[in-house]
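*Asks:* Handing you this structure, nothing more for now.
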2 protein chains.
Amino acid sequence: MGEKTTIAEIGQFEGKTVTLSGWLYNKTHKGKLIFIMLRDGTGFIQAVLFKDNFQEDFFEEIKHLPQETAMIVTGTVATDARAKGGFELQATDVQIQHVAQEYPITPKEHGIEFLMDHRHLWLRSSKQHALLRVRHRIISACREYFDQSGFTLLDAPIFTPAACEGTTTLFETDYFDTKAYLTQSGQLYMEAGAMAFGKVYCFGPTFRAEKSKTRRHLTEFWMIEPEMAYCDLDQDMDLAEGLIMHILDRVLSKNRGDLEVLERDISKLECIQKPFPRIRYDQAAEMLKEANSEFVYGDDFGAPDETLISEKFDRPVMVSHYPAQVKAFYMKNDPADPQKALCVDMLAPEGYGEIIGGGQREDDYETLLSKIQMHDLPIEAFQWYLDLRRYGSVPHAGFGLGIERTVTWICGIKHVREAIPFPRTMSRIYP
Amino acid sequence: MGEKTTIAEIGQFEGKTVTLSGWLYNKTHKGKLIFIMLRDGTGFIQAVLFKDNFQEDFFEEIKHLPQETAMIVTGTVATDARAKGGFELQATDVQIQHVAQEYPITPKEHGIEFLMDHRHLWLRSSKQHALLRVRHRIISACREYFDQSGFTLLDAPIFTPAACEGTTTLFETDYFDTKAYLTQSGQLYMEAGAMAFGKVYCFGPTFRAEKSKTRRHLTEFWMIEPEMAYCDLDQDMDLAEGLIMHILDRVLSKNRGDLEVLERDISKLECIQKPFPRIRYDQAAEMLKEANSEFVYGDDFGAPDETLISEKFDRPVMVSHYPAQVKAFYMKNDPADPQKALCVDMLAPEGYGEIIGGGQREDDYETLLSKIQMHDLPIEAFQWYLDLRRYGSVPHAGFGLGIERTVTWICGIKHVREAIPFPRTMSRIYP
């Protein structure tokens, strides 16, 4: 046995004997040599087995081991310019931990439903690895950004007594003698938090029971939601812009190899600089009109509209001042143009659509009360939310960034379902 | 207007004019002076208002402003040895942002139900502030520990098709044409992740519909769950011990002020060193017998038993090798004593009870299959989980750390409900 290490750390052991614990990813053999591609979760390395170093029966057995057989390989680390990581292992000992059954995922093409049914195994492939490592980086970068900027993490509850954005897309559960709904956003709770801590964020799963099968929809998705007291729409947009720049900086400096595995056109990410363009709904509507879109002024933008708008820019674009009627009740109306809301959506470039939605919140008690009544929402459930306008109400703003959509954009993949380890859609809760 | 800053940053501005945006926490007046205790979410500072600097009517008005009135105060930063933060503000200007209504939370004692009904406002008090800042630190420390140790974050799904630890305590929801259950643990998914990434963790909310009103129970609580391939029970315990030491190190070095606000006996945390005692169930049972507990050998420990055991030690104690029958189906039995499971619970000192539960998982296909059958679990829902024993099964282990119980212990509070921003219990989903 050599020193135990991982493939990621192997560069520190050149010329030394190490032991790697992993799984057989691929193999070939030629004459007195077997070439094993070993994976251990931190990377891939080729192990070369020379016949004379092994018992003859065992050497033959290795040739026929199925993919994903678990094995512990000891050998000497040698540089190899042709190898992807720059090293190979000259194996002197192989211990078989578990001989796999015939592995269902083979190099041939599989349909997406088959792969999704085998998500628990599909995670072992290099592309899914790269995607989920980028996801981890994006999540860390988000937390880092807010932690370093004086925000307090304040987890929002999942069980809520009422709906934040309408009741048609809520998941409901029996809750002892009453009903509870799964949260669609932590925002209202973050508003309470901002009044207590100044700057807060929550980061957790949110739920939408949308009967939507598009490539942008999941029933369960993760969202990070900052909220700031004494903050207006412009400052809110500054924060959103800063967050995206920080995410890009971290991914580009730490996950370049993963982006290469994903064959992402990295130049499209590298060219993104502050400031991001800030346009108003009216200007965006004008763009759509010029592009002969079927868009009707006054409506919210659909996915094709968002694609049209975002394709005009080489970086994320922030669209503000939507008609108040298409936005949620808690948005503050623009005092200079009360038909418009002080809201902002950020659209990712290359047609990836909305990744951020936010804005300034209604901070006047009477106005908010009449909006809650106008939207036929149950006043009792919102008494605590109205309290925030009774006791020291201040201008405040925030936003939500959807993690899976951000991963989808940064990794340059087509469908949001690969941007989360175990996706949940209208037709899938397995595995 | 002076430079905008926060109370936490005020030390950088001695002798300078700054502007603070916050809320009135408390006030007194004496002759030509008003003393305002201002809070801004980052801290508390006393602002001194001298009558000659203000219009007379306005000066009188300030004397009668209700608590939580939102105000923007400009003044000169002066050192003050008597002040808690070391500084006070000699105010030259006050702008009233919003005059609060009479604030319901007063310095007098309130009942816990009243405070819980006003949780959205109660968060503004200094004790709740301190608690939730420690919570934030503990969560950051957990992520830091695993990120620095080569773990990949892999979020587990919330919607699951089946129960991990029995069906009686599950929350159920209609899921389009079927039913889904809210997760009780991400562990099974982390086992799939460990086979793909070697070392993984998830961190999210988990749910138990327990009809339990004890001070240790929430229906919704956060858990961090690492899982490692090629790992046995001893290595698992090493990891758990390392995590707790890292959490303590971070809280003690960064949140001493918060612990002081909470009047925590810090010496009880400072004395904790590695290694933590590791005892077996049989030894713990012996201790209970000696203490004349009503405990019956073969049962799981109840809360009073845990208290009795943990009080024997000045640091967390790890109890392993429980009878297999009281533990979940996925636990690996001890080959040396098959009636026992290779599991471990960590009990916090000072009677705070279990904060970690984990162990080595059953990695043999046939054994696991028969356990699933024995527990009458739906085989179909576990096919993917069985796959992990078909394709490269290896020894693996992990654990779950309950965040709220850890916060409760470290902060030295009585009830877990104050360890989460918006607690959910059997009788509460509001606010």
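Identifiers for the structure tokens are assigned positionally: chains receive A, B, ... in sequence, residues are indexed from 1 per chain, and ligands are indexed from 1 in the order shown.
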Would you mind listing, for every residue of chain B within 7 Å of chain A, the two atoms forming the shortest contact and the distance between them in Å to one decimal, using only C-alpha atoms, sorted by chain and ascending residue number, as JSON lines?

*Replies:*
```
{"residue": "B:Trp23", "atom": "CA", "partner": "A:Gly392", "partner_atom": "CA", "distance": 6.7}
{"residue": "B:Asp40", "atom": "CA", "partner": "A:Gly198", "partner_atom": "CA", "distance": 6.1}
{"residue": "B:Gly41", "atom": "CA", "partner": "A:Phe197", "partner_atom": "CA", "distance": 3.6}
{"residue": "B:Thr42", "atom": "CA", "partner": "A:Phe197", "partner_atom": "CA", "distance": 6.3}
{"residue": "B:Glu68", "atom": "CA", "partner": "A:Gly392", "partner_atom": "CA", "distance": 5.2}
{"residue": "B:Thr69", "atom": "CA", "partner": "A:Gly392", "partner_atom": "CA", "distance": 4.6}
{"residue": "B:Ala70", "atom": "CA", "partner": "A:Gly392", "partner_atom": "CA", "distance": 4.4}
{"residue": "B:Gln97", "atom": "CA", "partner": "A:Val394", "partner_atom": "CA", "distance": 6.6}
{"residue": "B:His98", "atom": "CA", "partner": "A:Gly392", "partner_atom": "CA", "distance": 5.4}
{"residue": "B:Val99", "atom": "CA", "partner": "A:Gly392", "partner_atom": "CA", "distance": 6.3}
{"residue": "B:Ala100", "atom": "CA", "partner": "A:Tyr391", "partner_atom": "CA", "distance": 4.3}
{"residue": "B:Gln101", "atom": "CA", "partner": "A:Tyr391", "partner_atom": "CA", "distance": 5.7}
{"residue": "B:Tyr103", "atom": "CA", "partner": "A:Tyr391", "partner_atom": "CA", "distance": 6.7}
{"residue": "B:His120", "atom": "CA", "partner": "A:Ala192", "partner_atom": "CA", "distance": 5.5}
{"residue": "B:Leu123", "atom": "CA", "partner": "A:Ala196", "partner_atom": "CA", "distance": 5.9}
{"residue": "B:Arg124", "atom": "CA", "partner": "A:Ala196", "partner_atom": "CA", "distance": 4.4}
{"residue": "B:Arg133", "atom": "CA", "partner": "A:Thr152", "partner_atom": "CA", "distance": 6.9}
{"residue": "B:His136", "atom": "CA", "partner": "A:Leu153", "partner_atom": "CA", "distance": 5.6}
{"residue": "B:Thr152", "atom": "CA", "partner": "A:His136", "partner_atom": "CA", "distance": 6.8}
{"residue": "B:Leu153", "atom": "CA", "partner": "A:His136", "partner_atom": "CA", "distance": 5.6}
{"residue": "B:Leu154", "atom": "CA", "partner": "A:Pro421", "partner_atom": "CA", "distance": 6.3}
{"residue": "B:Asp155", "atom": "CA", "partner": "A:Pro421", "partner_atom": "CA", "distance": 6.4}
{"residue": "B:Ala156", "atom": "CA", "partner": "A:Phe422", "partner_atom": "CA", "distance": 6.8}
{"residue": "B:Pro157", "atom": "CA", "partner": "A:Phe422", "partner_atom": "CA", "distance": 5.9}
{"residue": "B:Phe159", "atom": "CA", "partner": "A:Ile429", "partner_atom": "CA", "distance": 6.7}
{"residue": "B:Thr160", "atom": "CA", "partner": "A:Ile429", "partner_atom": "CA", "distance": 6.2}
{"residue": "B:Pro161", "atom": "CA", "partner": "A:Ile429", "partner_atom": "CA", "distance": 6.2}
{"residue": "B:Phe171", "atom": "CA", "partner": "A:Thr173", "partner_atom": "CA", "distance": 6.7}
{"residue": "B:Glu172", "atom": "CA", "partner": "A:Thr173", "partner_atom": "CA", "distance": 5.9}
{"residue": "B:Thr173", "atom": "CA", "partner": "A:Thr173", "partner_atom": "CA", "distance": 4.9}
{"residue": "B:Phe176", "atom": "CA", "partner": "A:Met426", "partner_atom": "CA", "distance": 6.7}
{"residue": "B:Ala192", "atom": "CA", "partner": "A:His120", "partner_atom": "CA", "distance": 5.5}
{"residue": "B:Ala196", "atom": "CA", "partner": "A:Arg124", "partner_atom": "CA", "distance": 4.4}
{"residue": "B:Phe197", "atom": "CA", "partner": "A:Gly41", "partner_atom": "CA", "distance": 3.6}
{"residue": "B:Gly198", "atom": "CA", "partner": "A:Gly41", "partner_atom": "CA", "distance": 4.7}
{"residue": "B:Gly204", "atom": "CA", "partner": "A:Gly204", "partner_atom": "CA", "distance": 6.8}
{"residue": "B:Trp384", "atom": "CA", "partner": "A:Pro431", "partner_atom": "CA", "distance": 6.3}
{"residue": "B:Arg390", "atom": "CA", "partner": "A:Gln101", "partner_atom": "CA", "distance": 5.8}
{"residue": "B:Tyr391", "atom": "CA", "partner": "A:Ala100", "partner_atom": "CA", "distance": 4.3}
{"residue": "B:Gly392", "atom": "CA", "partner": "A:Ala70", "partner_atom": "CA", "distance": 4.4}
{"residue": "B:Ser393", "atom": "CA", "partner": "A:His98", "partner_atom": "CA", "distance": 5.8}
{"residue": "B:Val394", "atom": "CA", "partner": "A:Gln97", "partner_atom": "CA", "distance": 6.6}
{"residue": "B:Pro421", "atom": "CA", "partner": "A:Leu154", "partner_atom": "CA", "distance": 6.3}
{"residue": "B:Phe422", "atom": "CA", "partner": "A:Pro157", "partner_atom": "CA", "distance": 5.9}
{"residue": "B:Met426", "atom": "CA", "partner": "A:Phe176", "partner_atom": "CA", "distance": 6.7}
{"residue": "B:Ile429", "atom": "CA", "partner": "A:Pro161", "partner_atom": "CA", "distance": 6.1}
{"residue": "B:Tyr430", "atom": "CA", "partner": "A:Pro161", "partner_atom": "CA", "distance": 6.5}
{"residue": "B:Pro431", "atom": "CA", "partner": "A:Trp384", "partner_atom": "CA", "distance": 6.3}
```

*Asks:* Write out as a ChimeraX atom specification all residues of range 312-420 of chain A that DSSP puts in alpha helix (DSSP H) for this structure's backbone.

*Replies:* /A:365-374,383-387,403-411

*Asks:* Write the residues you've just listed into a file as a compact mmCIF listing (two decimals), in the first residue's frame, and include C-alpha atoms for each of them.

*Replies:*
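Here's the written file out-v5.txt:
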```txt
# COMPACT_ATOMS: atom_id res chain seq x y z
CA TYR A 365 -49.23 51.19 5.19
CA GLU A 366 -52.41 52.47 3.54
CA THR A 367 -51.22 51.78 0.01
CA LEU A 368 -50.13 48.26 0.88
CA LEU A 369 -53.39 47.54 2.69
CA SER A 370 -55.45 48.58 -0.32
CA LYS A 371 -53.27 46.46 -2.62
CA ILE A 372 -53.76 43.40 -0.44
CA GLN A 373 -57.51 44.04 -0.51
CA MET A 374 -57.49 44.66 -4.27
CA GLN A 383 -51.10 41.31 9.53
CA TRP A 384 -47.50 40.67 10.45
CA TYR A 385 -46.41 41.95 7.03
CA LEU A 386 -48.46 45.10 7.52
CA ASP A 387 -46.78 45.53 10.93
CA ILE A 403 -29.72 29.23 -8.98
CA GLU A 404 -30.66 26.66 -11.63
CA ARG A 405 -31.24 29.28 -14.32
CA THR A 406 -27.92 30.89 -13.48
CA VAL A 407 -26.14 27.51 -13.70
CA THR A 408 -27.89 26.83 -17.03
CA TRP A 409 -26.66 30.12 -18.46
CA ILE A 410 -23.10 29.95 -17.13
CA CYS A 411 -22.66 26.33 -18.20
```

*Asks:* Using only C-alpha atoms, which residues sit within 12 Å of Pro323 in chain A once same-chain residues fewer than 3 positions away are excluded, as a list in words?

*Replies:*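 Listing them by chain and then by number gives Arg280, Tyr281, Asp282, Ala285, Tyr297, Gly298, Asp299, Asp300, Phe301, Val319, Ser320, Val326, Lys327, Ala328, Phe329, Met331, Lys332, Asn333, Asp334, Asp337, Pro338, Gln339, Lys340, Ala341, Leu342, Cys343 and Val344 of chain A.
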
*Asks:* Identify, with DSSP run on backbone atoms, the residues in range 99-220 of chain A assigned to strand (DSSP E or B), and express the list as a PyMOL selection string.

*Replies:* chain A and resi 152-153+159-160+172-175+178-182+199-207+220

*Asks:* At a cut-off of 8 Å, using only C-alpha atoms, what residues contact Arg215 in chain A? Leave out same-chain residues fewer than 4 positions from it and give the result as a PDB file with N, CA and C atoms, in the first residue's frame.

*Replies:*
```pdb
ATOM      1  N   LYS A 414     -28.832  23.495 -22.328  1.00  0.00           N
ATOM      2  CA  LYS A 414     -30.145  23.836 -22.898  1.00  0.00           C
ATOM      3  C   LYS A 414     -31.259  23.813 -21.866  1.00  0.00           C
ATOM      4  N   HIS A 415     -31.182  22.846 -20.952  1.00  0.00           N
ATOM      5  CA  HIS A 415     -32.340  22.577 -20.101  1.00  0.00           C
ATOM      6  C   HIS A 415     -31.953  22.707 -18.629  1.00  0.00           C
ATOM      7  N   VAL A 416     -32.808  23.354 -17.856  1.00  0.00           N
ATOM      8  CA  VAL A 416     -32.563  23.625 -16.451  1.00  0.00           C
ATOM      9  C   VAL A 416     -32.480  22.333 -15.607  1.00  0.00           C
ATOM     10  N   ARG A 417     -33.025  21.228 -16.131  1.00  0.00           N
ATOM     11  CA  ARG A 417     -33.100  19.992 -15.318  1.00  0.00           C
ATOM     12  C   ARG A 417     -31.738  19.393 -15.001  1.00  0.00           C
TER      13      ARG A 417
END
```

*Asks:* Distance CA of Met37 in chain B-CA of Glu418 in chain B, one decimal place?

*Replies:* 24.7 Å

*Asks:* Any idea what the distance is between CA of Leu115 in chain A and CA of Ile413 in chain A?

*Replies:*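 So the two atoms, CA of Leu115 in chain A and CA of Ile413 in chain A, lie 15.7 Å apart.
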
*Asks:* I'd like the neighbourhood of Glu60 in chain B as an MDAnalysis selection string, where a residue qualifies if any of its atoms comes within 12 Å (using only C-alpha atoms), though same-chain residues fewer than 6 positions away should be ignored.

*Replies:* chainID B and resid 29 31:34 49:51 54

*Asks:* How would the residues just picked look written out with N, CA and C atoms as a short mmCIF file (atom, residue, chain, number, x, y, z; two decimals), in the first residue's frame?

*Replies:*
```cif
data_model
loop_
_atom_site.label_atom_id
_atom_site.label_comp_id
_atom_site.auth_asym_id
_atom_site.auth_seq_id
_atom_site.Cartn_x
_atom_site.Cartn_y
_atom_site.Cartn_z
N HIS B 29 -34.17 61.80 28.37
CA HIS B 29 -33.75 63.18 28.21
C HIS B 29 -33.52 63.79 29.57
N GLY B 31 -32.64 67.84 30.94
CA GLY B 31 -32.31 69.23 30.67
C GLY B 31 -32.23 69.49 29.19
N LYS B 32 -31.07 69.97 28.74
CA LYS B 32 -30.92 70.36 27.34
C LYS B 32 -30.46 69.21 26.45
N LEU B 33 -30.48 68.01 27.00
CA LEU B 33 -29.97 66.86 26.24
C LEU B 33 -31.04 65.78 26.05
N ILE B 34 -31.04 65.16 24.84
CA ILE B 34 -31.79 63.93 24.62
C ILE B 34 -30.76 62.85 24.27
N LEU B 49 -28.29 64.50 21.61
CA LEU B 49 -28.84 65.68 20.94
C LEU B 49 -28.80 66.86 21.91
N PHE B 50 -28.16 67.92 21.52
CA PHE B 50 -28.07 69.12 22.34
C PHE B 50 -29.10 70.13 21.82
N LYS B 51 -29.94 70.61 22.74
CA LYS B 51 -31.12 71.42 22.40
C LYS B 51 -30.80 72.58 21.44
N PHE B 54 -31.07 72.24 17.59
CA PHE B 54 -32.32 71.86 16.92
C PHE B 54 -33.38 72.93 17.11
#
```

*Asks:* In terms of the shortest atom-to-atom distance over only C-alpha atoms, which of B:Gln360, B:Ser149, B:Gln283, B:Gln95 is closest to His246 in chain B?

*Replies:*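 That would be B:Ser149, the residue with the smallest distance to His246 in chain B.
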
*Asks:* So that I can see what lies close to range 75-85 of chain B, please list as a list in words the residues with an atom at most 6 Å from it, counting only C-alpha atoms and leaving out residues fewer than 4 positions away in the same chain.

*Replies:*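 Selected residues are Glu14, Gly15, Lys16, Thr17, Val18, Leu89, Gln90, Ala91 and Thr92 of chain B.
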